Structures are given as structure tokens and as C-alpha cells.
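Structure file coords-v8.cif; described as mmCIF, N, CA and C atoms.
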data_run
#
loop_
_atom_site.label_atom_id
_atom_site.label_comp_id
_atom_site.auth_asym_id
_atom_site.auth_seq_id
_atom_site.Cartn_x
_atom_site.Cartn_y
_atom_site.Cartn_z
N MET J 12 -1.24 -13.27 6.08
CA MET J 12 -1.97 -12.38 5.21
C MET J 12 -3.21 -13.11 4.72
N LYS J 13 -4.34 -12.48 4.91
CA LYS J 13 -5.60 -13.05 4.45
C LYS J 13 -6.12 -12.19 3.31
N ILE J 14 -6.41 -12.82 2.19
CA ILE J 14 -6.95 -12.12 1.03
C ILE J 14 -8.39 -12.56 0.86
N VAL J 15 -9.27 -11.58 0.68
CA VAL J 15 -10.69 -11.86 0.49
C VAL J 15 -11.12 -11.25 -0.84
N VAL J 16 -11.78 -12.06 -1.65
CA VAL J 16 -12.30 -11.59 -2.93
C VAL J 16 -13.80 -11.37 -2.78
N SER J 17 -14.25 -10.17 -3.13
CA SER J 17 -15.66 -9.84 -3.00
C SER J 17 -16.31 -9.74 -4.38
N ASN J 18 -17.47 -10.35 -4.51
CA ASN J 18 -18.23 -10.25 -5.76
C ASN J 18 -18.93 -8.90 -5.88
N ASN J 19 -18.99 -8.14 -4.80
CA ASN J 19 -19.65 -6.84 -4.80
C ASN J 19 -18.74 -5.71 -5.27
N TYR J 20 -17.48 -6.02 -5.51
CA TYR J 20 -16.50 -5.03 -5.95
C TYR J 20 -16.71 -4.75 -7.43
N ASP J 21 -16.67 -3.47 -7.82
CA ASP J 21 -16.92 -3.10 -9.21
C ASP J 21 -15.76 -3.41 -10.15
N GLY J 22 -14.55 -3.42 -9.64
CA GLY J 22 -13.37 -3.61 -10.49
C GLY J 22 -13.01 -5.07 -10.68
N PRO J 23 -11.96 -5.30 -11.45
CA PRO J 23 -11.50 -6.67 -11.69
C PRO J 23 -10.99 -7.35 -10.42
N ILE J 24 -11.09 -8.66 -10.39
CA ILE J 24 -10.66 -9.43 -9.22
C ILE J 24 -9.17 -9.25 -8.97
N TYR J 25 -8.37 -9.21 -10.04
CA TYR J 25 -6.92 -9.08 -9.83
C TYR J 25 -6.59 -7.78 -9.09
N GLU J 26 -7.39 -6.72 -9.29
CA GLU J 26 -7.14 -5.46 -8.58
C GLU J 26 -7.40 -5.61 -7.08
N GLN J 27 -8.41 -6.39 -6.72
CA GLN J 27 -8.68 -6.64 -5.30
C GLN J 27 -7.49 -7.36 -4.67
N ILE J 28 -6.99 -8.36 -5.39
CA ILE J 28 -5.87 -9.16 -4.88
C ILE J 28 -4.62 -8.29 -4.77
N LYS J 29 -4.33 -7.56 -5.84
CA LYS J 29 -3.16 -6.68 -5.85
C LYS J 29 -3.23 -5.68 -4.71
N SER J 30 -4.39 -5.06 -4.54
CA SER J 30 -4.57 -4.04 -3.52
C SER J 30 -4.33 -4.61 -2.12
N GLN J 31 -4.83 -5.80 -1.86
CA GLN J 31 -4.68 -6.39 -0.53
C GLN J 31 -3.23 -6.80 -0.26
N ILE J 32 -2.54 -7.30 -1.28
CA ILE J 32 -1.13 -7.65 -1.11
C ILE J 32 -0.33 -6.37 -0.89
N LEU J 33 -0.61 -5.34 -1.68
CA LEU J 33 0.10 -4.07 -1.52
C LEU J 33 -0.13 -3.50 -0.13
N GLN J 34 -1.35 -3.57 0.36
CA GLN J 34 -1.64 -3.07 1.70
C GLN J 34 -0.86 -3.85 2.76
N ALA J 35 -0.73 -5.16 2.57
CA ALA J 35 0.05 -5.97 3.51
C ALA J 35 1.52 -5.58 3.48
N ILE J 36 2.02 -5.21 2.30
CA ILE J 36 3.41 -4.76 2.19
C ILE J 36 3.57 -3.39 2.84
N LEU J 37 2.66 -2.46 2.53
CA LEU J 37 2.76 -1.10 3.07
C LEU J 37 2.60 -1.07 4.58
N SER J 38 1.78 -1.96 5.12
CA SER J 38 1.57 -2.01 6.57
C SER J 38 2.64 -2.83 7.27
N ARG J 39 3.53 -3.39 6.49
CA ARG J 39 4.64 -4.22 6.97
C ARG J 39 4.17 -5.54 7.58
N GLU J 40 2.95 -5.94 7.22
CA GLU J 40 2.52 -7.30 7.55
C GLU J 40 3.39 -8.28 6.77
N LEU J 41 3.72 -7.90 5.54
CA LEU J 41 4.68 -8.64 4.73
C LEU J 41 5.96 -7.81 4.66
N MET J 42 7.08 -8.43 4.98
CA MET J 42 8.36 -7.73 5.02
C MET J 42 9.22 -8.13 3.83
N PRO J 43 10.22 -7.29 3.50
CA PRO J 43 11.14 -7.66 2.42
C PRO J 43 11.72 -9.05 2.65
N GLY J 44 11.69 -9.86 1.59
CA GLY J 44 12.18 -11.23 1.68
C GLY J 44 11.11 -12.26 1.97
N ASP J 45 9.94 -11.82 2.44
CA ASP J 45 8.85 -12.77 2.70
C ASP J 45 8.36 -13.36 1.39
N ILE J 46 8.06 -14.64 1.42
CA ILE J 46 7.57 -15.31 0.23
C ILE J 46 6.05 -15.16 0.14
N LEU J 47 5.57 -14.98 -1.07
CA LEU J 47 4.13 -14.91 -1.32
C LEU J 47 3.64 -16.30 -1.67
N PRO J 48 2.34 -16.55 -1.51
CA PRO J 48 1.81 -17.85 -1.91
C PRO J 48 2.06 -18.09 -3.40
N SER J 49 2.22 -19.34 -3.78
CA SER J 49 2.41 -19.64 -5.19
C SER J 49 1.16 -19.26 -5.97
N LEU J 50 1.33 -19.05 -7.26
CA LEU J 50 0.20 -18.69 -8.12
C LEU J 50 -0.92 -19.72 -7.98
N ARG J 51 -0.55 -20.98 -8.09
CA ARG J 51 -1.56 -22.05 -8.07
C ARG J 51 -2.25 -22.16 -6.72
N SER J 52 -1.47 -22.09 -5.64
CA SER J 52 -2.10 -22.26 -4.33
C SER J 52 -3.03 -21.09 -4.00
N LEU J 53 -2.62 -19.87 -4.35
CA LEU J 53 -3.49 -18.72 -4.08
C LEU J 53 -4.73 -18.76 -4.97
N ALA J 54 -4.55 -19.16 -6.23
CA ALA J 54 -5.70 -19.29 -7.14
C ALA J 54 -6.69 -20.32 -6.60
N ARG J 55 -6.16 -21.43 -6.11
CA ARG J 55 -7.01 -22.49 -5.55
C ARG J 55 -7.74 -21.99 -4.30
N ASP J 56 -7.01 -21.33 -3.41
CA ASP J 56 -7.60 -20.84 -2.16
C ASP J 56 -8.70 -19.80 -2.42
N LEU J 57 -8.48 -18.95 -3.42
CA LEU J 57 -9.44 -17.87 -3.70
C LEU J 57 -10.49 -18.28 -4.73
N LYS J 58 -10.31 -19.48 -5.28
CA LYS J 58 -11.24 -19.99 -6.31
C LYS J 58 -11.30 -19.05 -7.52
N VAL J 59 -10.10 -18.66 -7.98
CA VAL J 59 -9.97 -17.83 -9.18
C VAL J 59 -8.94 -18.48 -10.10
N GLY J 60 -8.84 -17.98 -11.30
CA GLY J 60 -7.88 -18.53 -12.25
C GLY J 60 -6.45 -18.12 -11.94
N VAL J 61 -5.52 -18.96 -12.35
CA VAL J 61 -4.10 -18.68 -12.15
C VAL J 61 -3.70 -17.39 -12.86
N LEU J 62 -4.30 -17.13 -14.03
CA LEU J 62 -3.97 -15.91 -14.77
C LEU J 62 -4.37 -14.65 -13.99
N THR J 63 -5.41 -14.75 -13.19
CA THR J 63 -5.84 -13.61 -12.35
C THR J 63 -4.76 -13.29 -11.32
N ILE J 64 -4.25 -14.32 -10.66
CA ILE J 64 -3.18 -14.13 -9.67
C ILE J 64 -1.92 -13.63 -10.38
N ASN J 65 -1.63 -14.22 -11.53
CA ASN J 65 -0.45 -13.83 -12.30
C ASN J 65 -0.50 -12.34 -12.65
N ARG J 66 -1.67 -11.85 -13.02
CA ARG J 66 -1.79 -10.43 -13.38
C ARG J 66 -1.51 -9.55 -12.16
N ALA J 67 -2.05 -9.91 -11.01
CA ALA J 67 -1.80 -9.13 -9.79
C ALA J 67 -0.31 -9.14 -9.45
N TYR J 68 0.31 -10.31 -9.49
CA TYR J 68 1.73 -10.44 -9.18
C TYR J 68 2.58 -9.67 -10.20
N THR J 69 2.23 -9.77 -11.48
CA THR J 69 3.00 -9.10 -12.53
C THR J 69 2.98 -7.59 -12.33
N GLU J 70 1.82 -7.05 -12.00
CA GLU J 70 1.74 -5.60 -11.77
C GLU J 70 2.54 -5.19 -10.54
N LEU J 71 2.45 -5.97 -9.47
CA LEU J 71 3.23 -5.66 -8.27
C LEU J 71 4.73 -5.74 -8.56
N GLU J 72 5.11 -6.71 -9.39
CA GLU J 72 6.52 -6.84 -9.76
C GLU J 72 6.96 -5.65 -10.61
N SER J 73 6.14 -5.24 -11.57
CA SER J 73 6.52 -4.12 -12.44
C SER J 73 6.60 -2.81 -11.65
N GLU J 74 5.87 -2.72 -10.56
CA GLU J 74 5.92 -1.53 -9.70
C GLU J 74 7.06 -1.60 -8.68
N GLY J 75 7.73 -2.76 -8.61
CA GLY J 75 8.90 -2.91 -7.74
C GLY J 75 8.62 -3.42 -6.35
N TYR J 76 7.38 -3.81 -6.05
CA TYR J 76 7.05 -4.27 -4.71
C TYR J 76 7.40 -5.73 -4.47
N ILE J 77 7.35 -6.54 -5.52
CA ILE J 77 7.71 -7.94 -5.36
C ILE J 77 8.69 -8.33 -6.46
N GLU J 78 9.36 -9.46 -6.26
CA GLU J 78 10.26 -9.98 -7.28
C GLU J 78 10.01 -11.46 -7.44
N ASN J 79 10.10 -11.91 -8.68
CA ASN J 79 9.90 -13.32 -9.01
C ASN J 79 11.26 -13.94 -9.23
N ILE J 80 11.60 -14.91 -8.41
CA ILE J 80 12.86 -15.62 -8.56
C ILE J 80 12.55 -16.97 -9.17
N GLN J 81 13.02 -17.16 -10.40
CA GLN J 81 12.70 -18.36 -11.17
C GLN J 81 12.98 -19.62 -10.35
N GLY J 82 11.98 -20.47 -10.27
CA GLY J 82 12.11 -21.74 -9.57
C GLY J 82 11.94 -21.66 -8.06
N LYS J 83 11.86 -20.46 -7.52
CA LYS J 83 11.73 -20.30 -6.06
C LYS J 83 10.42 -19.65 -5.66
N GLY J 84 9.90 -18.75 -6.49
CA GLY J 84 8.63 -18.11 -6.19
C GLY J 84 8.73 -16.60 -6.18
N CYS J 85 7.66 -15.99 -5.70
CA CYS J 85 7.59 -14.52 -5.62
C CYS J 85 7.82 -14.09 -4.17
N PHE J 86 8.62 -13.07 -4.03
CA PHE J 86 9.00 -12.56 -2.72
C PHE J 86 8.76 -11.05 -2.67
N VAL J 87 8.55 -10.54 -1.46
CA VAL J 87 8.51 -9.09 -1.29
C VAL J 87 9.93 -8.59 -1.58
N ALA J 88 10.04 -7.62 -2.47
CA ALA J 88 11.34 -7.14 -2.93
C ALA J 88 12.12 -6.48 -1.80
N GLN J 89 13.42 -6.74 -1.78
CA GLN J 89 14.28 -6.08 -0.80
C GLN J 89 14.27 -4.57 -1.00
N SER J 90 14.11 -4.15 -2.25
CA SER J 90 14.11 -2.72 -2.57
C SER J 90 12.78 -2.04 -2.27
N SER J 91 11.82 -2.79 -1.74
CA SER J 91 10.49 -2.23 -1.50
C SER J 91 10.48 -1.20 -0.37
N GLU J 92 11.48 -1.20 0.49
CA GLU J 92 11.52 -0.25 1.61
C GLU J 92 11.43 1.19 1.13
N GLU J 93 12.20 1.53 0.09
CA GLU J 93 12.18 2.90 -0.44
C GLU J 93 10.83 3.21 -1.06
N LEU J 94 10.24 2.24 -1.76
CA LEU J 94 8.91 2.43 -2.35
C LEU J 94 7.87 2.66 -1.26
N ILE J 95 7.97 1.88 -0.19
CA ILE J 95 7.03 2.01 0.93
C ILE J 95 7.16 3.41 1.54
N ARG J 96 8.40 3.80 1.78
CA ARG J 96 8.65 5.12 2.36
C ARG J 96 8.06 6.22 1.48
N ASN J 97 8.34 6.17 0.19
CA ASN J 97 7.82 7.18 -0.74
C ASN J 97 6.29 7.18 -0.78
N HIS J 98 5.71 5.99 -0.75
CA HIS J 98 4.25 5.88 -0.77
C HIS J 98 3.64 6.52 0.48
N LEU J 99 4.21 6.20 1.64
CA LEU J 99 3.69 6.73 2.90
C LEU J 99 3.88 8.24 2.99
N ILE J 100 5.01 8.74 2.50
CA ILE J 100 5.23 10.19 2.50
C ILE J 100 4.23 10.86 1.56
N GLY J 101 3.96 10.24 0.42
CA GLY J 101 2.96 10.77 -0.50
C GLY J 101 1.58 10.84 0.13
N GLU J 102 1.22 9.79 0.89
CA GLU J 102 -0.07 9.79 1.59
C GLU J 102 -0.11 10.89 2.64
N ALA J 103 0.99 11.07 3.37
CA ALA J 103 1.05 12.12 4.39
C ALA J 103 0.91 13.49 3.74
N ARG J 104 1.57 13.68 2.61
CA ARG J 104 1.48 14.96 1.90
C ARG J 104 0.03 15.24 1.49
N ALA J 105 -0.65 14.22 1.00
CA ALA J 105 -2.06 14.40 0.60
C ALA J 105 -2.92 14.76 1.81
N MET J 106 -2.64 14.14 2.96
CA MET J 106 -3.39 14.47 4.17
C MET J 106 -3.11 15.91 4.62
N PHE J 107 -1.83 16.32 4.53
CA PHE J 107 -1.49 17.71 4.85
C PHE J 107 -2.25 18.67 3.94
N ALA J 108 -2.27 18.37 2.65
CA ALA J 108 -2.97 19.23 1.69
C ALA J 108 -4.45 19.32 2.03
N ASP J 109 -5.06 18.19 2.38
CA ASP J 109 -6.48 18.20 2.77
C ASP J 109 -6.69 19.04 4.03
N ALA J 110 -5.80 18.88 5.00
CA ALA J 110 -5.93 19.64 6.25
C ALA J 110 -5.77 21.14 6.00
N ILE J 111 -4.84 21.50 5.12
CA ILE J 111 -4.64 22.92 4.80
C ILE J 111 -5.89 23.49 4.13
N ARG J 112 -6.48 22.74 3.19
CA ARG J 112 -7.71 23.20 2.53
C ARG J 112 -8.83 23.41 3.55
N GLU J 113 -8.97 22.47 4.48
CA GLU J 113 -10.00 22.59 5.51
C GLU J 113 -9.75 23.79 6.41
N ALA J 114 -8.49 24.00 6.79
CA ALA J 114 -8.16 25.15 7.64
C ALA J 114 -8.45 26.45 6.91
N ARG J 115 -8.15 26.49 5.63
CA ARG J 115 -8.42 27.71 4.84
C ARG J 115 -9.93 27.94 4.72
N LYS J 116 -10.70 26.85 4.57
CA LYS J 116 -12.16 26.99 4.53
C LYS J 116 -12.68 27.61 5.83
N ALA J 117 -11.98 27.30 6.93
CA ALA J 117 -12.38 27.82 8.24
C ALA J 117 -11.86 29.24 8.46
N GLY J 118 -11.13 29.77 7.47
CA GLY J 118 -10.65 31.14 7.58
C GLY J 118 -9.25 31.30 8.12
N ALA J 119 -8.52 30.22 8.31
CA ALA J 119 -7.15 30.31 8.82
C ALA J 119 -6.21 30.79 7.73
N GLY J 120 -5.28 31.65 8.10
CA GLY J 120 -4.25 32.12 7.18
C GLY J 120 -3.01 31.25 7.27
N ASP J 121 -2.04 31.56 6.41
CA ASP J 121 -0.81 30.75 6.38
C ASP J 121 -0.10 30.71 7.72
N ALA J 122 -0.01 31.84 8.40
CA ALA J 122 0.69 31.89 9.69
C ALA J 122 -0.01 31.01 10.72
N GLN J 123 -1.33 31.06 10.75
CA GLN J 123 -2.07 30.25 11.72
C GLN J 123 -1.94 28.76 11.38
N ILE J 124 -1.98 28.44 10.10
CA ILE J 124 -1.82 27.04 9.69
C ILE J 124 -0.43 26.53 10.06
N THR J 125 0.58 27.37 9.84
CA THR J 125 1.95 26.99 10.20
C THR J 125 2.06 26.78 11.71
N ASP J 126 1.43 27.66 12.49
CA ASP J 126 1.44 27.51 13.95
C ASP J 126 0.76 26.20 14.37
N LEU J 127 -0.36 25.89 13.72
CA LEU J 127 -1.06 24.63 14.03
C LEU J 127 -0.17 23.43 13.74
N PHE J 128 0.52 23.48 12.61
CA PHE J 128 1.43 22.39 12.25
C PHE J 128 2.53 22.24 13.29
N ARG J 129 3.12 23.36 13.69
CA ARG J 129 4.19 23.31 14.71
C ARG J 129 3.66 22.75 16.03
N GLN J 130 2.46 23.17 16.42
CA GLN J 130 1.86 22.66 17.66
C GLN J 130 1.69 21.14 17.58
N CYS J 131 1.20 20.68 16.45
CA CYS J 131 1.02 19.23 16.28
C CYS J 131 2.35 18.50 16.35
N MET J 132 3.38 19.07 15.74
CA MET J 132 4.71 18.45 15.77
C MET J 132 5.24 18.40 17.20
N GLU J 133 5.08 19.49 17.95
CA GLU J 133 5.56 19.52 19.32
C GLU J 133 4.81 18.52 20.19
N GLU J 134 3.51 18.42 19.99
CA GLU J 134 2.72 17.46 20.76
C GLU J 134 3.17 16.04 20.46
N LYS J 135 3.45 15.74 19.21
CA LYS J 135 3.88 14.40 18.82
C LYS J 135 5.26 14.10 19.38
N ILE J 136 6.17 15.09 19.28
CA ILE J 136 7.53 14.88 19.78
C ILE J 136 7.52 14.73 21.29
N ASN J 137 6.74 15.55 21.97
CA ASN J 137 6.71 15.51 23.43
C ASN J 137 5.73 14.47 23.97
N GLY J 138 4.86 13.98 23.13
CA GLY J 138 3.84 13.05 23.59
C GLY J 138 4.17 11.71 23.17
#
Serialized structure, C-alpha cells:
Amino acid sequence: MKIVVSNNYDGPIYEQIKSQILQAILSRELMPGDILPSLRSLARDLKVGVLTINRAYTELESEGYIENIQGKGCFVAQSSEELIRNHLIGEARAMFADAIREARKAGAGDAQITDLFRQCMEEKING
């Protein structure tokens, strides 16, 4: 996992770090049980303060994506699989909603939209 901190980003640095770690978890680049870099080593590598890394890790831990095991470090939480699944389903739902809005803008009715969805499902299953 490579984390890059950009000075051109409008938000706080810890949000950049948190976002990139979360993306690595969601994409399964980091798997449950994988250890994260220590606070100090990641802070040193990124040339940021330890408190910045701590804030990113603390938020990820409070959201259930990572767990801190005293004396051992921070790990991707074993329970993160359900969170990942729910997150990905939420993203898919948002994409469906966007697609439905676009189809309605084009004049498609519910029956036509349902048919389009079924066609896509059949193509995916058969393809």
C-alpha cells in the first residue's frame, strides 16, 4: 500500500491518509488481519506528525475498519468484511439510483428501466 500526501488537497492531511487506507481495505489490497504501518514509521515516511496518523487510525478504528491491539499494532479488523460488503452495496445502490435518474431524463418508464436492468443482469450472468 502506497500512501501519498498532496499539498494541493483542500482538506486535512489525516483525511487523505484515512481515505487512502480505507480505499486499500475496500479494494482488498489490505485484507483482514493485515498489519498497518506503525504510527511512527508512517509519520516518518510521510513527513507528518504522529498525531496526524493517530487521528486517521482512530477514525478508521471507530468506524470498525481497523483494530488496535495493544503492544502489537493496528490491523485490518476481521469484522471489516461485513463493513466492506455494506459499503460496496451502498455504492452500487447509488449508481443504480443515478442510472435510473438518467434513464428517466431520457424518457424511459419504470417497465423499460426494469427491462434494461434485467438485460444487464442476463448479460453479466451469461457473459
If you count all atoms listed in the file, which residues fall within 5 Å of Pro43 of chain J, apart from same-chain ones fewer than 6 positions away, as a CSV table (one decimal) with N, CA and C atoms, in the coordinates of the input?
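File written: result.csv
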chain,number,residue,atom,x,y,z
J,87,VAL,N,8.6,-10.5,-1.5
J,87,VAL,CA,8.5,-9.1,-1.3
J,87,VAL,C,9.9,-8.6,-1.6
J,88,ALA,N,10.0,-7.6,-2.5
J,88,ALA,CA,11.3,-7.1,-2.9
J,88,ALA,C,12.1,-6.5,-1.8
J,89,GLN,N,13.4,-6.7,-1.8
J,89,GLN,CA,14.3,-6.1,-0.8
J,89,GLN,C,14.3,-4.6,-1.0
*Selected by the PyMOL selection byres (((chain J and resi 86 and name CA) around 9) and name CA) in the shown coordinates: which residues, as a list in words?*
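Applying the expression gives Pro43, Gly44, Asp45, Ile46, Leu47, Pro48, Tyr76, Ile77, Glu78, Asn79, Ile80, Lys83, Gly84, Cys85, Val87, Ala88 and Gln89 of chain J.
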_Near-segment 58-69 of chain J list (7 Å; all atoms listed in the file; drop same-chain fewer than 6 positions) as a PyMOL selection string_ = chain J and resi 24-26+28-29+50-51
*If you measure from atom N of Ile95 of chain J to atom CA of Ile36 of chain J, what distance in Å do you get, rounded to one decimal?*
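Going from atom N of Ile95 of chain J over to atom CA of Ile36 of chain J, I get 8.4 Å.
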Write out as a tab-separated table (two decimals) with N, CA and C atoms, in the frame of the given file the set of residues from chain J that DSSP, computed on the backbone, places in strand (DSSP E or B).
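Output file part.tsv is given in full below:
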chain	number	residue	atom	x	y	z
J	46	ILE	N	8.06	-14.64	1.42
J	46	ILE	CA	7.57	-15.31	0.23
J	46	ILE	C	6.05	-15.16	0.14
J	77	ILE	N	7.35	-6.54	-5.52
J	77	ILE	CA	7.71	-7.94	-5.36
J	77	ILE	C	8.69	-8.33	-6.46
J	78	GLU	N	9.36	-9.46	-6.26
J	78	GLU	CA	10.26	-9.98	-7.28
J	78	GLU	C	10.01	-11.46	-7.44
J	79	ASN	N	10.10	-11.91	-8.68
J	79	ASN	CA	9.90	-13.32	-9.01
J	79	ASN	C	11.26	-13.94	-9.23
J	80	ILE	N	11.60	-14.91	-8.41
J	80	ILE	CA	12.86	-15.62	-8.56
J	80	ILE	C	12.55	-16.97	-9.17
J	84	GLY	N	9.90	-18.75	-6.49
J	84	GLY	CA	8.63	-18.11	-6.19
J	84	GLY	C	8.73	-16.60	-6.18
J	85	CYS	N	7.66	-15.99	-5.70
J	85	CYS	CA	7.59	-14.52	-5.62
J	85	CYS	C	7.82	-14.09	-4.17
J	86	PHE	N	8.62	-13.07	-4.03
J	86	PHE	CA	9.00	-12.56	-2.72
J	86	PHE	C	8.76	-11.05	-2.67
J	87	VAL	N	8.55	-10.54	-1.46
J	87	VAL	CA	8.51	-9.09	-1.29
J	87	VAL	C	9.93	-8.59	-1.58
*asked:* Between atom CA of Ala122 of chain J and atom C of Glu102 of chain J, what is the distance in Å, rounded to a tenth?
replied: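 For atom CA of Ala122 of chain J relative to atom C of Glu102 of chain J, the distance reads 22.2 Å.
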*Work out how far apart atom C of Ser17 of chain J and atom C of Ala35 of chain J are and give it in Å to one decimal.*
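Between atom C of Ser17 of chain J and atom C of Ala35 of chain J the gap is 19.9 Å.
Proximity ranking of J:Met132, J:Ile124, J:Leu37, J:Ala119 relative to Leu94 of chain J places J:Leu37 first, based on all atoms listed in the file.
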In the coordinate frame of the file, compute which residues have an atom within 12 Å of (-0.2, 22.4, 2.8) when using only C-alpha atoms, and state them as a PDB file with N, CA and C atoms, in the coordinates of the input.
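Output contents, as saved in result-v2.pdb:
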ATOM      1  N   ALA J 103       0.990  11.070   3.370  1.00  0.00           N
ATOM      2  CA  ALA J 103       1.050  12.120   4.390  1.00  0.00           C
ATOM      3  C   ALA J 103       0.910  13.490   3.740  1.00  0.00           C
ATOM      4  N   ARG J 104       1.570  13.680   2.610  1.00  0.00           N
ATOM      5  CA  ARG J 104       1.480  14.960   1.900  1.00  0.00           C
ATOM      6  C   ARG J 104       0.030  15.240   1.490  1.00  0.00           C
ATOM      7  N   ALA J 105      -0.650  14.220   1.000  1.00  0.00           N
ATOM      8  CA  ALA J 105      -2.060  14.400   0.600  1.00  0.00           C
ATOM      9  C   ALA J 105      -2.920  14.760   1.810  1.00  0.00           C
ATOM     10  N   MET J 106      -2.640  14.140   2.960  1.00  0.00           N
ATOM     11  CA  MET J 106      -3.390  14.470   4.170  1.00  0.00           C
ATOM     12  C   MET J 106      -3.110  15.910   4.620  1.00  0.00           C
ATOM     13  N   PHE J 107      -1.830  16.320   4.530  1.00  0.00           N
ATOM     14  CA  PHE J 107      -1.490  17.710   4.850  1.00  0.00           C
ATOM     15  C   PHE J 107      -2.250  18.670   3.940  1.00  0.00           C
ATOM     16  N   ALA J 108      -2.270  18.370   2.650  1.00  0.00           N
ATOM     17  CA  ALA J 108      -2.970  19.230   1.690  1.00  0.00           C
ATOM     18  C   ALA J 108      -4.450  19.320   2.030  1.00  0.00           C
ATOM     19  N   ASP J 109      -5.060  18.190   2.380  1.00  0.00           N
ATOM     20  CA  ASP J 109      -6.480  18.200   2.770  1.00  0.00           C
ATOM     21  C   ASP J 109      -6.690  19.040   4.030  1.00  0.00           C
ATOM     22  N   ALA J 110      -5.800  18.880   5.000  1.00  0.00           N
ATOM     23  CA  ALA J 110      -5.930  19.640   6.250  1.00  0.00           C
ATOM     24  C   ALA J 110      -5.770  21.140   6.000  1.00  0.00           C
ATOM     25  N   ILE J 111      -4.840  21.500   5.120  1.00  0.00           N
ATOM     26  CA  ILE J 111      -4.640  22.920   4.800  1.00  0.00           C
ATOM     27  C   ILE J 111      -5.890  23.490   4.130  1.00  0.00           C
ATOM     28  N   ARG J 112      -6.480  22.740   3.190  1.00  0.00           N
ATOM     29  CA  ARG J 112      -7.710  23.200   2.530  1.00  0.00           C
ATOM     30  C   ARG J 112      -8.830  23.410   3.550  1.00  0.00           C
ATOM     31  N   GLU J 113      -8.970  22.470   4.480  1.00  0.00           N
ATOM     32  CA  GLU J 113     -10.000  22.590   5.510  1.00  0.00           C
ATOM     33  C   GLU J 113      -9.750  23.790   6.410  1.00  0.00           C
ATOM     34  N   ALA J 114      -8.490  24.000   6.790  1.00  0.00           N
ATOM     35  CA  ALA J 114      -8.160  25.150   7.640  1.00  0.00           C
ATOM     36  C   ALA J 114      -8.450  26.450   6.910  1.00  0.00           C
ATOM     37  N   ARG J 115      -8.150  26.490   5.630  1.00  0.00           N
ATOM     38  CA  ARG J 115      -8.420  27.710   4.840  1.00  0.00           C
ATOM     39  C   ARG J 115      -9.930  27.940   4.720  1.00  0.00           C
ATOM     40  N   GLY J 120      -5.280  31.650   8.100  1.00  0.00           N
ATOM     41  CA  GLY J 120      -4.250  32.120   7.180  1.00  0.00           C
ATOM     42  C   GLY J 120      -3.010  31.250   7.270  1.00  0.00           C
ATOM     43  N   ASP J 121      -2.040  31.560   6.410  1.00  0.00           N
ATOM     44  CA  ASP J 121      -0.810  30.750   6.380  1.00  0.00           C
ATOM     45  C   ASP J 121      -0.100  30.710   7.720  1.00  0.00           C
ATOM     46  N   ALA J 122      -0.010  31.840   8.400  1.00  0.00           N
ATOM     47  CA  ALA J 122       0.690  31.890   9.690  1.00  0.00           C
ATOM     48  C   ALA J 122      -0.010  31.010  10.720  1.00  0.00           C
ATOM     49  N   ILE J 124      -1.980  28.440  10.100  1.00  0.00           N
ATOM     50  CA  ILE J 124      -1.820  27.040   9.690  1.00  0.00           C
ATOM     51  C   ILE J 124      -0.430  26.530  10.060  1.00  0.00           C
ATOM     52  N   THR J 125       0.580  27.370   9.840  1.00  0.00           N
ATOM     53  CA  THR J 125       1.950  26.990  10.200  1.00  0.00           C
ATOM     54  C   THR J 125       2.060  26.780  11.710  1.00  0.00           C
ATOM     55  N   LEU J 127      -0.360  25.890  13.720  1.00  0.00           N
ATOM     56  CA  LEU J 127      -1.060  24.630  14.030  1.00  0.00           C
ATOM     57  C   LEU J 127      -0.170  23.430  13.740  1.00  0.00           C
ATOM     58  N   PHE J 128       0.520  23.480  12.610  1.00  0.00           N
ATOM     59  CA  PHE J 128       1.430  22.390  12.250  1.00  0.00           C
ATOM     60  C   PHE J 128       2.530  22.240  13.290  1.00  0.00           C
TER      61      PHE J 128
END
